[in-house]
file upload_2.txt (compact mmCIF, C-alpha atoms and all ligand atoms)
# COMPACT_ATOMS: atom_id res chain seq x y z
CA MET X 1 55.66 81.21 34.46
CA ALA X 2 57.53 78.62 32.35
CA GLU X 3 58.72 79.63 28.92
CA SER X 4 58.32 77.16 26.10
CA ARG X 5 61.71 75.94 24.88
CA GLN X 6 62.36 73.43 22.12
CA MET X 7 63.31 69.87 22.93
CA LYS X 8 66.74 69.09 21.44
CA LYS X 9 68.36 66.27 23.44
CA ILE X 10 65.78 63.85 24.75
CA LEU X 11 66.11 61.08 27.32
CA VAL X 12 63.46 58.36 27.09
CA THR X 13 62.94 56.21 30.18
CA GLY X 14 61.04 52.93 29.78
CA ALA X 15 62.29 52.81 26.18
CA VAL X 16 62.11 49.01 26.03
CA GLY X 17 58.42 48.98 26.97
CA GLN X 18 55.37 48.62 24.73
CA ILE X 19 55.03 52.34 23.98
CA GLY X 20 58.61 53.46 24.68
CA SER X 21 60.12 51.15 22.07
CA GLU X 22 58.09 52.63 19.20
CA LEU X 23 58.07 56.18 20.55
CA THR X 24 61.88 56.21 20.78
CA LEU X 25 62.25 55.21 17.12
CA GLU X 26 59.80 57.91 16.00
CA LEU X 27 61.56 60.54 18.14
CA ARG X 28 64.90 59.46 16.58
CA ARG X 29 63.43 59.96 13.11
CA ARG X 30 62.27 63.45 14.03
CA TYR X 31 65.02 64.73 16.31
CA GLY X 32 68.04 62.79 15.03
CA ALA X 33 69.27 59.39 16.25
CA ASP X 34 71.99 60.70 18.55
CA ASN X 35 69.65 63.25 20.11
CA VAL X 36 67.33 60.62 21.58
CA VAL X 37 68.90 58.55 24.35
CA ALA X 38 67.00 55.36 25.18
CA THR X 39 67.08 53.78 28.63
CA GLY X 40 65.59 50.70 30.26
CA ARG X 41 65.71 49.01 33.66
CA LYS X 42 66.45 45.38 32.92
CA THR X 43 64.82 44.03 29.73
CA ALA X 44 67.29 43.82 26.85
CA PRO X 45 66.55 46.27 24.02
CA SER X 46 65.69 45.01 20.53
CA ASP X 47 68.50 45.16 17.95
CA GLU X 48 66.67 48.01 16.22
CA LEU X 49 66.52 50.07 19.41
CA LYS X 50 70.12 49.29 20.40
CA ASN X 51 71.59 49.89 16.95
CA SER X 52 69.67 53.04 16.07
CA GLY X 53 71.12 55.29 18.81
CA PRO X 54 72.48 55.45 22.37
CA PHE X 55 71.09 53.00 24.96
CA TYR X 56 71.76 52.63 28.71
CA PHE X 57 70.39 50.64 31.62
CA ILE X 58 69.28 52.90 34.46
CA ASP X 59 66.95 52.68 37.45
CA VAL X 60 64.70 55.74 37.67
CA ALA X 61 64.28 55.10 41.40
CA LYS X 62 68.05 55.72 41.73
CA LYS X 63 68.58 59.36 40.88
CA GLU X 64 72.36 59.12 40.28
CA SER X 65 71.87 56.56 37.53
CA VAL X 66 69.63 59.02 35.65
CA VAL X 67 71.88 62.04 36.30
CA GLU X 68 74.91 60.23 34.89
CA VAL X 69 73.25 59.76 31.48
CA ILE X 70 71.78 63.27 31.52
CA GLU X 71 75.23 64.79 32.06
CA LYS X 72 76.96 62.58 29.55
CA HIS X 73 74.56 63.55 26.75
CA GLY X 74 73.62 67.13 27.70
CA ILE X 75 69.94 66.12 27.93
CA ASP X 76 67.39 68.97 27.98
CA SER X 77 64.09 67.01 27.94
CA ILE X 78 62.78 63.77 29.43
CA VAL X 79 60.05 61.54 28.06
CA HIS X 80 59.35 59.49 31.17
CA MET X 81 57.68 56.25 30.10
CA ALA X 82 59.03 53.97 32.86
CA ALA X 83 56.17 52.64 34.99
CA ILE X 84 54.78 49.50 36.55
CA LEU X 85 51.31 48.85 35.10
CA SER X 86 48.06 47.91 36.83
CA ALA X 87 48.18 44.10 36.98
CA VAL X 88 51.85 43.83 37.99
CA GLY X 89 51.24 46.73 40.39
CA GLU X 90 48.55 44.73 42.21
CA LYS X 91 50.96 41.80 42.55
CA ASN X 92 53.75 44.07 43.79
CA PRO X 93 52.35 47.40 45.06
CA GLN X 94 55.64 48.30 46.76
CA LEU X 95 57.53 48.09 43.47
CA ALA X 96 54.80 50.12 41.74
CA TRP X 97 55.18 52.87 44.35
CA ASP X 98 58.96 52.87 44.12
CA VAL X 99 59.17 53.07 40.32
CA ASN X 100 56.09 55.20 39.66
CA ILE X 101 56.38 57.68 42.55
CA ASN X 102 60.02 57.80 43.61
CA GLY X 103 61.05 57.49 39.96
CA LEU X 104 58.84 60.37 38.88
CA TYR X 105 59.95 62.49 41.84
CA ASN X 106 63.57 61.99 40.78
CA ILE X 107 62.77 62.96 37.18
CA LEU X 108 60.92 66.11 38.27
CA GLU X 109 63.65 67.11 40.71
CA ILE X 110 66.28 66.67 37.99
CA ALA X 111 64.15 68.82 35.66
CA ARG X 112 63.84 71.52 38.33
CA GLU X 113 67.52 71.50 39.31
CA ARG X 114 68.77 71.54 35.71
CA GLU X 115 66.04 73.77 34.28
CA LEU X 116 65.16 71.25 31.60
CA ALA X 117 62.96 72.37 28.70
CA ARG X 118 60.30 69.69 28.99
CA VAL X 119 59.13 66.58 30.86
CA ILE X 120 56.50 64.30 29.34
CA VAL X 121 54.92 61.86 31.76
CA PRO X 122 51.95 59.75 30.73
CA SER X 123 49.01 59.14 32.99
CA SER X 124 46.27 56.57 32.46
CA ILE X 125 42.57 55.75 32.59
CA ALA X 126 43.62 54.00 35.81
CA VAL X 127 43.29 57.37 37.63
CA PHE X 128 39.53 56.78 37.62
CA GLY X 129 37.59 54.52 39.94
CA PRO X 130 34.15 53.05 40.53
CA GLU X 131 32.68 56.39 41.68
CA THR X 132 33.68 58.06 38.38
CA PRO X 133 30.97 58.41 35.69
CA ARG X 134 31.81 55.54 33.29
CA ASP X 135 30.52 56.80 29.95
CA ASN X 136 32.12 59.75 28.22
CA THR X 137 34.12 60.35 31.41
CA PRO X 138 34.88 64.07 31.78
CA ASN X 139 38.41 65.42 32.13
CA GLU X 140 37.51 66.92 35.51
CA THR X 141 35.86 64.27 37.67
CA VAL X 142 36.21 62.00 40.71
CA LEU X 143 39.71 60.46 40.92
CA LYS X 144 39.49 57.65 43.45
CA PRO X 145 41.29 54.68 41.91
CA ARG X 146 41.36 51.26 43.59
CA THR X 147 44.72 50.07 42.22
CA MET X 148 48.20 51.06 43.33
CA TYR X 149 48.93 51.92 39.69
CA GLY X 150 45.98 54.34 39.71
CA VAL X 151 47.05 55.85 43.04
CA THR X 152 50.53 56.52 41.66
CA LYS X 153 49.13 58.01 38.46
CA VAL X 154 46.81 60.43 40.32
CA ALA X 155 49.72 61.47 42.51
CA GLY X 156 51.88 61.83 39.39
CA GLU X 157 49.37 64.15 37.71
CA LEU X 158 49.15 66.30 40.83
CA LEU X 159 52.92 66.33 41.30
CA GLY X 160 53.53 67.30 37.66
CA ASP X 161 51.00 70.13 37.86
CA TYR X 162 52.61 71.24 41.13
CA TYR X 163 56.08 71.37 39.56
CA PHE X 164 54.68 73.48 36.73
CA ARG X 165 52.93 76.01 38.98
CA ARG X 166 55.49 76.12 41.78
CA PHE X 167 58.77 75.78 39.89
CA GLY X 168 57.89 76.56 36.27
CA VAL X 169 58.92 73.09 35.00
CA ASP X 170 57.08 72.46 31.71
CA VAL X 171 55.59 69.05 32.57
CA ARG X 172 52.90 67.56 30.34
CA GLY X 173 50.94 64.35 30.43
CA LEU X 174 47.98 62.51 28.97
CA ARG X 175 45.76 59.70 30.23
CA TYR X 176 46.38 56.80 27.88
CA PRO X 177 43.58 54.30 27.39
CA GLY X 178 44.53 50.66 26.64
CA ILE X 179 47.16 50.70 23.89
CA VAL X 180 47.10 48.09 21.12
CA SER X 181 50.26 47.38 19.10
CA HIS X 182 52.13 44.66 17.22
CA GLU X 183 55.80 45.55 17.85
CA THR X 184 56.40 45.10 21.57
CA LEU X 185 54.07 43.24 23.93
CA PRO X 186 52.57 45.21 26.82
CA GLY X 187 54.03 44.47 30.24
CA GLY X 188 51.42 43.48 32.78
CA GLY X 189 48.42 45.74 32.29
CA THR X 190 44.70 45.05 32.56
CA THR X 191 44.10 45.98 28.92
CA ASP X 192 46.66 43.44 27.62
CA TYR X 193 43.87 41.11 26.39
CA ALA X 194 43.19 43.55 23.56
CA VAL X 195 46.70 42.82 22.26
CA ALA X 196 46.99 39.12 23.12
CA ILE X 197 43.71 38.34 21.34
CA TYR X 198 45.25 39.32 17.95
CA TYR X 199 48.37 37.18 18.45
CA GLU X 200 46.25 34.16 19.40
CA ALA X 201 43.79 34.77 16.56
CA VAL X 202 46.65 34.66 14.05
CA LYS X 203 48.42 31.72 15.66
CA ASN X 204 45.63 29.44 16.94
CA ARG X 205 42.26 30.97 15.91
CA LYS X 206 41.38 30.63 19.62
CA TYR X 207 41.69 32.87 22.65
CA THR X 208 40.81 32.63 26.33
CA CYS X 209 40.01 36.13 27.49
CA PHE X 210 40.61 37.18 31.11
CA VAL X 211 37.74 39.68 31.20
CA ARG X 212 34.02 39.17 30.49
CA GLU X 213 32.61 39.53 26.98
CA ASP X 214 30.69 42.70 27.91
CA THR X 215 33.76 44.47 29.37
CA ARG X 216 33.99 47.78 27.57
CA LEU X 217 37.10 49.97 27.86
CA PRO X 218 38.60 52.91 25.97
CA MET X 219 41.43 51.83 23.66
CA MET X 220 43.86 53.35 21.16
CA TYR X 221 46.04 52.02 18.34
CA MET X 222 49.78 52.65 18.63
CA PRO X 223 50.13 55.13 15.72
CA ASP X 224 47.56 57.33 17.47
CA CYS X 225 49.33 56.86 20.80
CA ILE X 226 52.65 58.01 19.33
CA LYS X 227 50.96 60.93 17.60
CA SER X 228 49.11 62.05 20.72
CA THR X 229 52.30 61.96 22.79
CA ILE X 230 54.38 63.94 20.30
CA ASP X 231 51.57 66.40 19.50
CA LEU X 232 51.18 67.21 23.18
CA ALA X 233 54.96 67.43 23.68
CA GLU X 234 55.28 69.91 20.81
CA ALA X 235 52.14 72.01 21.48
CA PRO X 236 52.72 75.71 22.25
CA LEU X 237 52.73 76.12 26.02
CA ASP X 238 50.51 79.19 25.81
CA ASN X 239 47.64 77.09 24.42
CA LEU X 240 47.59 74.73 27.41
CA LYS X 241 45.16 75.20 30.27
CA HIS X 242 45.67 71.62 31.48
CA HIS X 243 49.13 70.12 31.86
CA CYS X 244 49.46 66.57 33.19
CA ASP X 245 45.92 65.18 32.96
CA PHE X 246 44.51 65.24 29.42
CA ASN X 247 41.90 62.60 28.58
CA VAL X 248 42.62 61.20 25.09
CA GLY X 249 39.97 59.06 23.45
CA ALA X 250 40.14 57.08 20.23
CA MET X 251 37.77 54.10 20.38
CA SER X 252 35.73 52.16 22.89
CA PHE X 253 34.71 48.53 22.48
CA SER X 254 33.73 45.47 24.50
CA ALA X 255 35.80 42.29 24.43
CA GLY X 256 32.94 40.69 22.46
CA GLU X 257 32.99 43.48 19.86
CA LEU X 258 36.75 43.08 19.54
CA ALA X 259 36.29 39.36 18.85
CA ALA X 260 33.56 40.16 16.31
CA SER X 261 35.88 42.57 14.50
CA ILE X 262 38.51 39.80 14.19
CA ARG X 263 35.82 37.32 13.09
CA LYS X 264 35.19 39.48 10.01
CA HIS X 265 38.62 38.22 8.85
CA TYR X 266 38.63 34.76 10.52
CA PRO X 267 35.02 33.49 10.76
CA ASP X 268 36.17 30.41 12.70
CA PHE X 269 37.85 32.45 15.48
CA GLU X 270 36.74 31.20 18.91
CA VAL X 271 36.87 33.12 22.18
CA THR X 272 36.08 31.86 25.65
CA TYR X 273 35.85 34.12 28.68
CA GLU X 274 37.49 33.25 32.00
CA PRO X 275 37.63 36.44 34.09
CA ASP X 276 40.41 36.65 36.70
CA PHE X 277 41.49 39.36 39.19
CA ARG X 278 41.85 41.86 36.35
CA GLN X 279 38.06 41.92 35.85
CA ALA X 280 37.56 44.03 38.98
CA ILE X 281 40.21 46.48 37.75
CA ALA X 282 38.55 46.75 34.33
CA ASP X 283 35.15 47.23 35.97
CA SER X 284 36.48 50.21 37.92
CA TRP X 285 37.64 52.05 34.77
CA PRO X 286 35.65 54.17 32.28
CA SER X 287 34.17 52.75 29.09
CA SER X 288 34.77 55.91 27.05
CA LEU X 289 36.35 59.33 27.54
CA ASP X 290 35.42 62.94 26.86
CA ASP X 291 38.62 64.38 25.36
CA THR X 292 37.35 67.86 24.49
CA ALA X 293 40.21 69.52 26.41
CA ALA X 294 42.85 67.68 24.33
CA ARG X 295 41.01 68.51 21.10
CA GLU X 296 40.69 72.18 22.00
CA GLU X 297 44.06 72.85 23.59
CA TRP X 298 46.39 70.94 21.23
CA GLY X 299 44.26 69.72 18.36
CA TRP X 300 43.97 66.02 19.29
CA GLN X 301 42.34 63.93 16.56
CA PRO X 302 42.65 60.11 16.38
CA ALA X 303 42.88 58.27 13.04
CA PHE X 304 42.07 54.62 13.81
CA ASP X 305 38.75 53.00 14.74
CA LEU X 306 38.30 49.33 15.71
CA ASP X 307 37.98 47.82 12.23
CA ALA X 308 40.87 49.87 10.79
CA MET X 309 43.03 48.76 13.70
CA THR X 310 42.03 45.10 13.30
CA LYS X 311 42.91 45.11 9.62
CA ASP X 312 46.34 46.64 10.27
CA MET X 313 47.08 44.41 13.29
CA LEU X 314 46.20 41.22 11.40
CA GLU X 315 48.25 42.20 8.34
CA ASN X 316 51.32 42.91 10.46
CA LEU X 317 50.96 39.88 12.72
CA GLU X 318 50.33 37.51 9.79
CA ARG X 319 53.60 38.70 8.25
CA LYS X 320 55.48 38.27 11.53
CA HIS X 321 53.98 34.82 12.02
CA ARG X 322 55.09 33.79 8.52
CA GLU X 323 58.60 35.06 9.39
CA GLY X 324 58.54 32.82 12.47
CA LYS X 325 58.66 35.75 14.94
CA PHE X 326 55.99 34.25 17.19
N1 LIG X 401 47.17 49.69 29.88
C1 LIG X 401 47.26 50.09 31.26
C2 LIG X 401 46.97 48.96 32.16
O1 LIG X 401 46.17 48.14 31.79
C3 LIG X 401 46.30 51.21 31.53
O2 LIG X 401 47.01 52.40 31.54
O3 LIG X 401 47.48 48.91 33.23

call {"tool": "encode", "arguments": {"input": "upload_2.txt", "output": "structure tokens", "more": "lines below"}}
Ligand code: SER
result
Amino acid sequence: MAESRQMKKILVTGAVGQIGSELTLELRRRYGADNVVATGRKTAPSDELKNSGPFYFIDVAKKESVVEVIEKHGIDSIVHMAAILSAVGEKNPQLAWDVNINGLYNILEIARERELARVIVPSSIAVFGPETPRDNTPNETVLKPRTMYGVTKVAGELLGDYYFRRFGVDVRGLRYPGIVSHETLPGGGTTDYAVAIYYEAVKNRKYTCFVREDTRLPMMYMPDCIKSTIDLAEAPLDNLKHHCDFNVGAMSFSAGELAASIRKHYPDFEVTYEPDFRQAIADSWPSSLDDTAAREEWGWQPAFDLDAMTKDMLENLERKHREGKF
């Protein structure tokens, strides 16, 4: 049985991504700048990320490149955010497999060999499929995804749980819904419309949405996403009955309701709907999640609903637009 040890020197993979970029900065605030080593595969880090602590380019699918940084910094925990998301994964399933499966396998093997204190590896609502009950989807249910991203995330949950039971590696993970944020754009997911719509509302008061108006998915605002990740990472191991597959809910809205929330601020905001290949992916995912396990085992509690998120997104994006950032 694994013993809970504190995280002291943390490696973040995928640190240049939508979630990784903000999560790394928060971890640096909490654990100390030099104790959180950021890594990315090819996208250049922002000045803030690069200047606030160590940064390296690595490829998680190449184990030696990860080991080198781990040895150099005496890393004891890995927050493994590197992944290819659903839409890019459908365009390049082979790359999704390589990064999401071989990459995770390398991370878990490193954790086993070096007896690391903790591995955090997010999963996703993409583990579900059309046979899964769509409303208030239970934690334990049918996992038959239709995307390569979903296939890799189901395998990742099972692999993480296996490493915990078989080797005592303290691996933890949660199923993120669509994540909305204003710092770093998401990279090729199906839920990206829920971010793009705010940028276009601020810039042009017009948006062409790539899913239907009635498409309803679970979503979460970035401050809640960061909080959920760190709360799970820091929860006492003894309280956990689940490990790599926690549902985490925050809000659930249709694309039309999202537009209506923005229209409360910009009454002239216009949205047209032109569904593309991502519609079928969205249709195969839940509309809302039952996250009782997360609430009971580590006290999960979201703070933002749709209108609170809209207000905060628009305030931040209006400022950035005035500063000429987009
Ligand atoms: N946001 C992700 C995607 O759309 C879901 O985990 O791929």

call {"tool": "closest_residue", "arguments": {"input": "upload_2.txt", "among": "X:Thr13, X:Val127, X:Glu113, X:Gly20", "to": "Val99 of chain X", "atoms": "only C-alpha atoms"}}
result
X:Thr13

call {"tool": "closest_residue", "arguments": {"input": "upload_2.txt", "among": "X:Ser181, X:Asn102, X:Thr229, X:Thr43", "to": "Gly156 of chain X", "atoms": "all atoms listed in the file"}}
result
X:Asn102

call {"tool": "residues_near_ligand", "arguments": {"input": "upload_2.txt", "ligand": "ligand LIG 401 (chain X)", "cutoff": "8 Å", "atoms": "all atoms listed in the file", "output": "PDB file with C-alpha atoms, keeping the file's coordinate frame"}}
result
ATOM      1  CA  LEU X  85      51.310  48.850  35.100  1.00  0.00           C
ATOM      2  CA  SER X  86      48.060  47.910  36.830  1.00  0.00           C
ATOM      3  CA  ALA X  87      48.180  44.100  36.980  1.00  0.00           C
ATOM      4  CA  SER X 123      49.010  59.140  32.990  1.00  0.00           C
ATOM      5  CA  SER X 124      46.270  56.570  32.460  1.00  0.00           C
ATOM      6  CA  ILE X 125      42.570  55.750  32.590  1.00  0.00           C
ATOM      7  CA  ALA X 126      43.620  54.000  35.810  1.00  0.00           C
ATOM      8  CA  TYR X 149      48.930  51.920  39.690  1.00  0.00           C
ATOM      9  CA  ARG X 175      45.760  59.700  30.230  1.00  0.00           C
ATOM     10  CA  TYR X 176      46.380  56.800  27.880  1.00  0.00           C
ATOM     11  CA  PRO X 177      43.580  54.300  27.390  1.00  0.00           C
ATOM     12  CA  GLY X 178      44.530  50.660  26.640  1.00  0.00           C
ATOM     13  CA  ILE X 179      47.160  50.700  23.890  1.00  0.00           C
ATOM     14  CA  PRO X 186      52.570  45.210  26.820  1.00  0.00           C
ATOM     15  CA  GLY X 188      51.420  43.480  32.780  1.00  0.00           C
ATOM     16  CA  GLY X 189      48.420  45.740  32.290  1.00  0.00           C
ATOM     17  CA  THR X 190      44.700  45.050  32.560  1.00  0.00           C
ATOM     18  CA  THR X 191      44.100  45.980  28.920  1.00  0.00           C
ATOM     19  CA  ASP X 192      46.660  43.440  27.620  1.00  0.00           C
TER      20      ASP X 192
END

call {"tool": "residues_around", "arguments": {"input": "upload_2.txt", "residues": "Arg216 of chain X", "least_positions_apart": "4", "cutoff": "7 Å", "atoms": "only C-alpha atoms", "output": "PDB file with C-alpha atoms, keeping the file's coordinate frame"}}
result
ATOM      1  CA  SER X 252      35.730  52.160  22.890  1.00  0.00           C
ATOM      2  CA  PHE X 253      34.710  48.530  22.480  1.00  0.00           C
ATOM      3  CA  SER X 254      33.730  45.470  24.500  1.00  0.00           C
ATOM      4  CA  ALA X 255      35.800  42.290  24.430  1.00  0.00           C
ATOM      5  CA  SER X 287      34.170  52.750  29.090  1.00  0.00           C
TER       6      SER X 287
END

call {"tool": "closest_residue", "arguments": {"input": "upload_2.txt", "among": "X:Asn51, X:Thr39, X:Gln18, X:Thr152", "to": "Tyr221 of chain X", "atoms": "only C-alpha atoms"}}
result
X:Gln18

call {"tool": "residues_near_point", "arguments": {"input": "upload_2.txt", "point": "(33.9, 57.7, 34.3)", "cutoff": "9 Å", "atoms": "all atoms listed in the file", "output": "count of residues only"}}
result
19

call {"tool": "closest_residue", "arguments": {"input": "upload_2.txt", "among": "X:Lys63, X:Lys264, X:Arg322, X:Lys9", "to": "Ala308 of chain X", "atoms": "all atoms listed in the file"}}
result
X:Lys264

call {"tool": "atom_distance", "arguments": {"input": "upload_2.txt", "atom1": "atom CA of Gly187 of chain X", "atom2": "atom CA of Met81 of chain X"}}
result
12.3 Å

call {"tool": "atom_distance", "arguments": {"input": "upload_2.txt", "atom1": "atom CA of Lys153 of chain X", "atom2": "atom CA of Ile101 of chain X"}}
result
8.3 Å

call {"tool": "closest_residue", "arguments": {"input": "upload_2.txt", "among": "X:Ala61, X:Val66, X:Ala117, X:Val195", "to": "Arg5 of chain X", "atoms": "all atoms listed in the file"}}
result
X:Ala117

call {"tool": "residues_near_point", "arguments": {"input": "upload_2.txt", "point": "(72.4, 67.6, 29.8)", "cutoff": "12 Å", "atoms": "only C-alpha atoms", "output": "NGL selection string"}}
result
:X and (7-11 or 35-37 or 66-78 or 110-111 or 113-117)

call {"tool": "residues_around", "arguments": {"input": "upload_2.txt", "residues": "Glu257 of chain X", "least_positions_apart": "6", "cutoff": "9 Å", "atoms": "all atoms listed in the file", "output": "list in words"}}
result
Glu213, Asp214, Arg216 and Leu306 of chain X

call {"tool": "atom_distance", "arguments": {"input": "upload_2.txt", "atom1": "atom CA of Phe164 of chain X", "atom2": "atom CA of Arg112 of chain X"}}
result
9.5 Å

call {"tool": "closest_residue", "arguments": {"input": "upload_2.txt", "among": "X:Pro145, X:Gly103, X:Arg41, X:Val211", "to": "Gln279 of chain X", "atoms": "only C-alpha atoms"}}
result
X:Val211

call {"tool": "residues_around", "arguments": {"input": "upload_2.txt", "residues": "Asn247 of chain X", "least_positions_apart": "3", "cutoff": "7 Å", "atoms": "only C-alpha atoms", "output": "NGL selection string"}}
result
:X and (139 or 174-175 or 289-291 or 294)

call {"tool": "residues_around", "arguments": {"input": "upload_2.txt", "residues": "Asp305 of chain X", "least_positions_apart": "2", "cutoff": "8 Å", "atoms": "all atoms listed in the file", "output": "PDB file with C-alpha atoms, keeping the file's coordinate frame"}}
result
ATOM      1  CA  ALA X 250      40.140  57.080  20.230  1.00  0.00           C
ATOM      2  CA  MET X 251      37.770  54.100  20.380  1.00  0.00           C
ATOM      3  CA  ALA X 303      42.880  58.270  13.040  1.00  0.00           C
ATOM      4  CA  ASP X 307      37.980  47.820  12.230  1.00  0.00           C
ATOM      5  CA  ALA X 308      40.870  49.870  10.790  1.00  0.00           C
ATOM      6  CA  MET X 309      43.030  48.760  13.700  1.00  0.00           C
TER       7      MET X 309
END
